[in-house]
Amino acid sequence: MTAALEVTNLHVNIGENRILKGINLRVNQGEIHALMGPNGSGKSTLAYSLAGHPAYEPTAGQATFDGHDLLEMEADERSRAGLFLAFQYPVAVPGVTVAKFLRQAVNSRRQAINPEDAGMPIPEFRRLLREKMDILGIDQKFAGRYLNEGFSGGEKKRAEILQMAMLEPKIAIMDETDSGLDIDALRIVAEGAVRLHEMNHMGVLVITHYQRILNYVQPDRVHIMLDGRIVESGGAELALHLEENGYDWLREKYGAAEAV
Amino acid sequence: MAELPTFTRDAVLQLSASFNEPQWMRDFRLAAWEIYAALPVPTTQDEAWRRTDIRRLKLDALGPSLNGNARTGPPIPDYLGAQLTEEAPGGVLVEANGVVTQYEVSDALRAQGVIFCDMHTAVREHGDLVRKHFMTHAVRPDEGKFAALHAAFWRGGVFLYVPRNVVAAAPLHSALWATGGRTFTHTLVVLDTNSEATFMDEYASPPGEGQAFHNGAIELIVGDGASLRYASLQDFGPNVWQFNHECGRVGRDGKLDWITSVMGTRLTKAFQTAELDAPGGWARMSGLFFTNGRQHVDLDTQQNHNAPDTTSDLLYKGALKDHSRTVWQGMIKALPDSQRIDGFQANRNLMLDKTARADSIPGLEIQADDVRCTHASTVGKLDEEEVFYLMSRGIPRAEAIRMVIQGFFDPVMQRIPFEGVRTRIFDRILEKVG
């Protein structure tokens with residue numbers, strides 16, 4: 001059975017502010033969806049909410065993942081269930097190396113299944129990490145650096161994809177993974193995601209402003225968010241239409257206030 | 001011998017007599033007693049004690065160290081004196097309440113002329129060496145009430161001497177186990193010209209009832225061209241009030257690599273000073289502390305550049321839980337002729353609870369003009385965004401917090417060249433994180 005991420009009438013507040021006002025979305029494992037929309041429409045809020053960020057408070061609606069009630073799960077449980085968020089702004093964790101972090105992430109999965117598990121043997125882990133780094137064109141020295149600290153924009157995004165490759169999620173949300181990348185870095189990052197999609201049947205929700213990444217990660221469905229709601233859904237051609245016409249026609253059609 | 005009741009001149013004489021001390025040491029103690037008697041107990045009106053209130057210290061009820069049976073109280077835990085350096089130690093000295101319980105020195109060290117023994121033996125057998133350095137030019141009895149008290153009533157501790165041009169064949173290791181509630185140990189390390197040594201110095205006591213007292217001194221004399229790697233690991237029980245005076249003196253082209261770990265005590269007030277006395281002198285001070293419960297730790301550090309072309313580098317990092325409080329007050333001083341010095345000090349604090357409090361007070365007193373002196377001090381909360389990021393990769397919250405804390409300490413851990421020490425400190429930190 002394939003996993004699905006299913007969001008029904010989801011409302012989310014940040015503090016007093018209502019950001020999501022009834023999101024409906026279903027992403028099946030193996031599918032690629034794109035989520036587009038102007039700044040401030042709530043795309044990143046949806047991503048963080050699904051990943052379980054404590055500052056985002058669901059006030060109504062449901063979200064399930066692979067049959068689990070996502071909203072009842074802690075962020076780490078959601079990850080171990082197979083949901084992955086590639087952060088738009090990956091967080092630096094000083095003093096913790098990429099290798100140490102990834103080993104802990106891998107071992108946390110094993111230990112959740114078997115509390116007695118002693119963790120992946122170090123040689124096996126190193127081999128796995130080296131293999132994934134080679135595929136993504138990441139220098140081996142990277143493993144010894146402190147996580148995201150002093151990383152360039154491109155390095156951060158590559159590190160996100162490296163984590164995705166190591167953890168092999170069922171469904172990944174990529175939150176503006178294309179922002180701040182030059183064309184070569186974008187291709188490497190996008191191909192990394194596509195490979196996981198093809199090999200592991202990974203489902204993808206690509207959050208983006210641009211058609212560019214969708215040339216590599218070709219969506220089955222495209223959704224457009226405006227003011228906390230998904231207002232249009234369609235095929236790949238919808239993204240092309242947006243690229244040419246912008247969002248004004250949507251604002252007119254749905255009478256949304258100018259995004260702040 | 002009966003328990004010595006309180007701090008009196010007679011008690012000084014009794015203590016000295018019990019060790020058959022030479023005249024000079026008895027006179028030294030008596031002179032210190034006069035200083036002690038003349039000095040008032042410090043209050044928060046005194047600048048150095050502004051943030052550490054000791055009105056609840058019952059000094060008169062405490063008195064000097066028992067001349068008691070070292071085997072009273074819980075047994076010495078296995079970890080004390082256990083190997084911390086990669087190379088097995090060549091000298092091990094374990095004391096319980098100032099009484100030696102384990103003592104061994106390798107033939108190789110003896111053949112080199114290295115002296116490693118308890119402090120009382122040193123006074124008797126190496127009087128000239130000890131007399132020259134014992135509280136004469138590093139820590140001095142007139143530095144304060146507690147320095148004077150220590151000078152009058154010191155008991156137990158360790159003496160290390162490495163002769164000229166000798167690289168000590170193996171690391172040295174001493175450990176103090178305190179169950180008697182009153183300890184006054186003295187550590188004196190003297191490295192002669194161009195010598196080298198590594199020394200691990202541990203302090204611990206079991207959790208105990210009532211107020212316990214440790215009044216210690218640490219003197220590290222690093223001669224010209226000599227190099228000392230010294231780690232003091234303090235893990236006293238939560239009933240101990242600790243008052244320490246610690247000083248390293250570094251000669252021409254000498255090197256002092258000084259590691260301090262403060263995990264235990266109810267209250268610690270320590271003065272730690274590096275004196276760089278001649279060109280080419282180098283001192284690195286690396287400190288770690290983790291406080292919880294109602295612990296109060298106040299570390300007063302000084303990096304004194306008494307000569308040109310000297311280098312000092314201090315990094316102290318602390319994490320705080322519960323209602324604990326820490327104070328770090330640091331000072332870099334440079335005399336008018338101390339040109340081309342390089343002084344650095346940084347103190348960083350990680351607050352794990354809102355109820356904890358850290359004061360971080362850097363200071364510079366630079367009278368030379370061609371210098372490089374920098375300082376940094378931060379007090380920050382546990383970053384929930386870091387914790388969330390780690391959790392978003394499947395790492396449970398408790399483990400994520402441990403990783404962030406470990407990451408916080410990593411830069412200072414990197415300065416500790418002994419894996420055993422790093423592991424010991426980090427395991428203790430994890431225990432305290434809970």
# chains A, B, ... in the order shown; residues from 1 in each chain; ligands from 1
>>> interface_residues(of="chain B", to="chain A", cutoff="12 Å", atoms="only C-alpha atoms", output="MDAnalysis selection string")
chainID B and resid 382:414
>>> residues_around(residues="B:Pro417", least_positions_apart="2", cutoff="12 Å", atoms="only C-alpha atoms", output="list of chain:residue names")
B:Leu84, B:Thr85, B:Glu86, B:Glu87, B:Thr198, B:Met200, B:Arg229, B:Tyr230, B:Ala231, B:Asp257, B:Trp258, B:Ile259, B:Ser286, B:Val412, B:Met413, B:Gln414, B:Arg415, B:Glu419, B:Gly420, B:Val421, B:Arg422, B:Thr423
>>> write_last_selection(atoms="N, CA and C atoms", output="CSV table (one decimal), in the first residue's frame")
chain,number,residue,atom,x,y,z
B,84,LEU,N,42.8,8.7,32.2
B,84,LEU,CA,42.1,9.7,31.3
B,84,LEU,C,42.9,10.1,30.1
B,85,THR,N,44.2,9.9,30.2
B,85,THR,CA,45.1,10.2,29.0
B,85,THR,C,45.2,8.9,28.2
B,86,GLU,N,45.6,9.1,26.9
B,86,GLU,CA,45.7,8.0,26.0
B,86,GLU,C,46.9,7.1,26.5
B,87,GLU,N,47.9,7.8,27.0
B,87,GLU,CA,49.1,7.0,27.5
B,87,GLU,C,48.8,6.8,29.0
B,198,THR,N,52.3,16.4,31.7
B,198,THR,CA,50.9,16.4,31.6
B,198,THR,C,50.3,15.9,32.9
B,200,MET,N,46.8,15.4,35.3
B,200,MET,CA,45.3,15.4,35.6
B,200,MET,C,45.0,15.5,37.1
B,229,ARG,N,50.6,20.7,30.5
B,229,ARG,CA,49.2,20.5,30.2
B,229,ARG,C,48.5,20.1,31.5
B,230,TYR,N,47.6,20.9,31.9
B,230,TYR,CA,47.0,20.6,33.2
B,230,TYR,C,45.5,20.7,33.1
B,231,ALA,N,44.8,19.6,33.7
B,231,ALA,CA,43.4,19.6,33.7
B,231,ALA,C,42.9,19.4,35.1
B,257,ASP,N,48.8,25.0,29.2
B,257,ASP,CA,47.5,24.6,28.6
B,257,ASP,C,46.6,24.2,29.8
B,258,TRP,N,45.7,25.0,30.2
B,258,TRP,CA,45.0,24.9,31.5
B,258,TRP,C,43.5,24.6,31.2
B,259,ILE,N,43.1,23.4,31.7
B,259,ILE,CA,41.7,23.1,31.5
B,259,ILE,C,41.0,23.0,32.8
B,286,SER,N,40.9,26.9,29.2
B,286,SER,CA,39.7,26.4,28.7
B,286,SER,C,38.8,25.9,29.8
B,412,VAL,N,35.0,24.3,22.9
B,412,VAL,CA,35.9,24.2,24.0
B,412,VAL,C,36.4,22.7,24.2
B,413,MET,N,35.5,21.8,23.9
B,413,MET,CA,36.0,20.4,23.9
B,413,MET,C,37.1,20.1,22.9
B,414,GLN,N,37.1,20.8,21.8
B,414,GLN,CA,38.1,20.6,20.8
B,414,GLN,C,39.5,21.1,21.3
B,415,ARG,N,39.5,21.9,22.3
B,415,ARG,CA,40.7,22.4,22.9
B,415,ARG,C,41.3,21.4,23.9
B,419,GLU,N,41.1,12.5,25.0
B,419,GLU,CA,39.7,12.0,24.8
B,419,GLU,C,39.0,11.5,26.0
B,420,GLY,N,39.8,11.0,27.0
B,420,GLY,CA,39.3,10.5,28.2
B,420,GLY,C,38.6,11.6,29.0
B,421,VAL,N,39.3,12.8,29.0
B,421,VAL,CA,38.8,13.9,29.7
B,421,VAL,C,37.5,14.4,29.0
B,422,ARG,N,37.5,14.5,27.7
B,422,ARG,CA,36.3,14.9,27.0
B,422,ARG,C,35.2,14.0,27.3
B,423,THR,N,35.4,12.7,27.2
B,423,THR,CA,34.3,11.8,27.5
B,423,THR,C,33.8,11.9,28.9
>>> select_by_dssp(residues="stretch 63-247 of chain A", states="helix (DSSP H, G or I)", output="MDAnalysis selection string")
chainID A and resid 70:72 75:81 98:113 122:135 140:144 153:167 183:200 212:215 237:245
>>> atom_distance(atom1="atom CA of B:Ala170", atom2="atom CA of B:Pro89")
5.5 Å
>>> residues_around(residues="B:Asp192", least_positions_apart="5", cutoff="7 Å", atoms="only C-alpha atoms", output="count of residues only")
6
>>> closest_residue(among="A:Leu214, A:Met120, A:Leu5, A:Leu162", to="A:Gly30", atoms="only C-alpha atoms")
A:Leu5
>>> residues_around(residues="B:Ala278", least_positions_apart="5", cutoff="8 Å", atoms="only C-alpha atoms", output="list in words")
Val250, Gly251, Arg252, Asp253, Asn306, Ala307, Pro308 and Thr310 of chain B
>>> write_last_selection(atoms="C-alpha atoms", output="compact mmCIF listing (two decimals), in the first residue's frame")
# COMPACT_ATOMS: atom_id res chain seq x y z
CA VAL B 250 54.66 31.21 32.82
CA GLY B 251 58.29 32.03 32.01
CA ARG B 252 60.02 32.91 28.76
CA ASP B 253 58.66 30.83 25.87
CA ASN B 306 53.49 41.21 32.46
CA ALA B 307 55.87 41.13 29.50
CA PRO B 308 55.81 41.92 25.78
CA THR B 310 52.97 37.11 25.28
>>> residues_around(residues="A:Arg212", least_positions_apart="4", cutoff="12 Å", atoms="only C-alpha atoms", output="list in words")
Ala34, Glu176, Thr177, Asp178, Ser179, Leu181, Asp182, Ile183, Asp184, Leu186, Arg187, Ala190, Val206, Ile207, Thr208, Tyr216, Val217, Gln218, Pro219, Ala239, Leu240 and Glu243 of chain A
>>> write_last_selection(atoms="C-alpha atoms", output="PDB file, in the first residue's frame")
ATOM      1  CA  ALA A  34       3.644  21.666  -7.283  1.00  0.00           C
ATOM      2  CA  GLU A 176      11.514  26.754  -2.266  1.00  0.00           C
ATOM      3  CA  THR A 177      14.488  24.484  -2.613  1.00  0.00           C
ATOM      4  CA  ASP A 178      15.185  26.309  -5.891  1.00  0.00           C
ATOM      5  CA  SER A 179      15.575  29.761  -4.352  1.00  0.00           C
ATOM      6  CA  LEU A 181      20.487  28.368  -6.558  1.00  0.00           C
ATOM      7  CA  ASP A 182      22.378  28.911  -9.774  1.00  0.00           C
ATOM      8  CA  ILE A 183      21.356  26.826 -12.733  1.00  0.00           C
ATOM      9  CA  ASP A 184      23.936  24.069 -12.172  1.00  0.00           C
ATOM     10  CA  LEU A 186      19.436  23.681  -9.303  1.00  0.00           C
ATOM     11  CA  ARG A 187      19.907  20.851 -11.774  1.00  0.00           C
ATOM     12  CA  ALA A 190      16.360  18.662  -8.768  1.00  0.00           C
ATOM     13  CA  VAL A 206       7.352  21.180  -4.652  1.00  0.00           C
ATOM     14  CA  ILE A 207       6.719  24.650  -3.299  1.00  0.00           C
ATOM     15  CA  THR A 208       8.067  27.201  -5.736  1.00  0.00           C
ATOM     16  CA  TYR A 216      13.257  18.966 -13.949  1.00  0.00           C
ATOM     17  CA  VAL A 217      10.731  17.844 -11.377  1.00  0.00           C
ATOM     18  CA  GLN A 218       7.743  17.569 -13.645  1.00  0.00           C
ATOM     19  CA  PRO A 219       4.497  17.819 -11.695  1.00  0.00           C
ATOM     20  CA  ALA A 239       2.368  26.529 -13.891  1.00  0.00           C
ATOM     21  CA  LEU A 240       3.204  27.693 -17.402  1.00  0.00           C
ATOM     22  CA  GLU A 243       4.740  32.041 -15.507  1.00  0.00           C
TER      23      GLU A 243
END
>>> closest_residue(among="B:Gly73, B:Arg50, B:Ile115, B:Ser312", to="B:Asp359", atoms="only C-alpha atoms")
B:Arg50
>>> atom_distance(atom1="atom CA of B:Arg155", atom2="atom CA of B:Gly98")
6.1 Å
>>> atom_distance(atom1="atom CA of A:Thr64", atom2="atom CA of A:Glu6")
5.2 Å
>>> residues_around(residues="B:Asp107", least_positions_apart="5", cutoff="12 Å", atoms="only C-alpha atoms", output="JSON, numbers by chain")
{"B": [90, 91, 112, 113, 114, 115, 116, 168, 169, 170]}
>>> write_last_selection(atoms="N, CA and C atoms", output="short mmCIF file (atom, residue, chain, number, x, y, z; two decimals), in the first residue's frame")
data_model
loop_
_atom_site.label_atom_id
_atom_site.label_comp_id
_atom_site.auth_asym_id
_atom_site.auth_seq_id
_atom_site.Cartn_x
_atom_site.Cartn_y
_atom_site.Cartn_z
N GLY B 90 52.12 7.59 34.61
CA GLY B 90 53.30 7.03 35.26
C GLY B 90 53.31 7.30 36.74
N GLY B 91 52.44 8.19 37.17
CA GLY B 91 52.32 8.48 38.59
C GLY B 91 50.86 8.68 38.94
N GLN B 112 64.14 9.77 35.91
CA GLN B 112 64.28 11.11 35.31
C GLN B 112 64.47 12.19 36.37
N GLY B 113 64.26 11.83 37.63
CA GLY B 113 64.34 12.82 38.69
C GLY B 113 63.03 13.56 38.92
N VAL B 114 61.95 13.07 38.30
CA VAL B 114 60.65 13.67 38.52
C VAL B 114 60.20 13.37 39.95
N ILE B 115 59.74 14.40 40.63
CA ILE B 115 59.22 14.21 41.99
C ILE B 115 57.70 14.32 41.92
N PHE B 116 57.04 13.29 42.42
CA PHE B 116 55.58 13.30 42.43
C PHE B 116 55.16 12.66 43.74
N ALA B 168 58.64 14.64 31.04
CA ALA B 168 58.15 13.58 31.93
C ALA B 168 57.72 12.38 31.09
N ALA B 169 58.20 11.19 31.48
CA ALA B 169 58.05 9.99 30.66
C ALA B 169 56.59 9.57 30.49
N ALA B 170 55.73 10.01 31.40
CA ALA B 170 54.31 9.62 31.31
C ALA B 170 53.49 10.67 32.05
#
>>> select_by_dssp(residues="stretch 166-350 of chain B", states="strand (DSSP E or B)", output="number ranges by chain")
B: 167, 172-177, 182-184, 186-191, 196-204, 212-222, 227-235, 240-250, 255-262, 267-276, 282-291, 296-305, 311-320, 325-334, 342-350
>>> residues_around(residues="A:Glu168", least_positions_apart="2", cutoff="8 Å", atoms="only C-alpha atoms", output="ChimeraX atom specification")
/A:82,164-166,170,196,200,202
>>> write_last_selection(atoms="N, CA and C atoms", output="CSV table (one decimal), in the first residue's frame")
chain,number,residue,atom,x,y,z
A,82,GLY,N,8.0,8.9,7.7
A,82,GLY,CA,8.3,9.0,6.2
A,82,GLY,C,8.0,10.3,5.6
A,164,MET,N,17.6,14.2,2.6
A,164,MET,CA,16.5,13.4,2.0
A,164,MET,C,17.0,12.1,1.4
A,165,ALA,N,18.1,12.1,0.8
A,165,ALA,CA,18.7,10.9,0.2
A,165,ALA,C,19.0,9.9,1.2
A,166,MET,N,19.5,10.3,2.4
A,166,MET,CA,19.9,9.4,3.5
A,166,MET,C,18.7,8.8,4.1
A,170,LYS,N,8.9,8.8,2.3
A,170,LYS,CA,7.9,8.4,1.4
A,170,LYS,C,7.3,9.6,0.6
A,196,LEU,N,15.2,10.0,-6.4
A,196,LEU,CA,14.5,9.4,-5.3
A,196,LEU,C,13.0,9.1,-5.7
A,200,ASN,N,12.5,5.2,-5.5
A,200,ASN,CA,11.8,4.8,-4.2
A,200,ASN,C,10.3,5.1,-4.3
A,202,MET,N,9.1,8.0,-4.3
A,202,MET,CA,8.9,9.1,-3.4
A,202,MET,C,7.8,10.1,-4.0
>>> closest_residue(among="B:Arg110, B:His245, B:Arg182, B:Arg340", to="B:Leu62", atoms="only C-alpha atoms")
B:Arg182
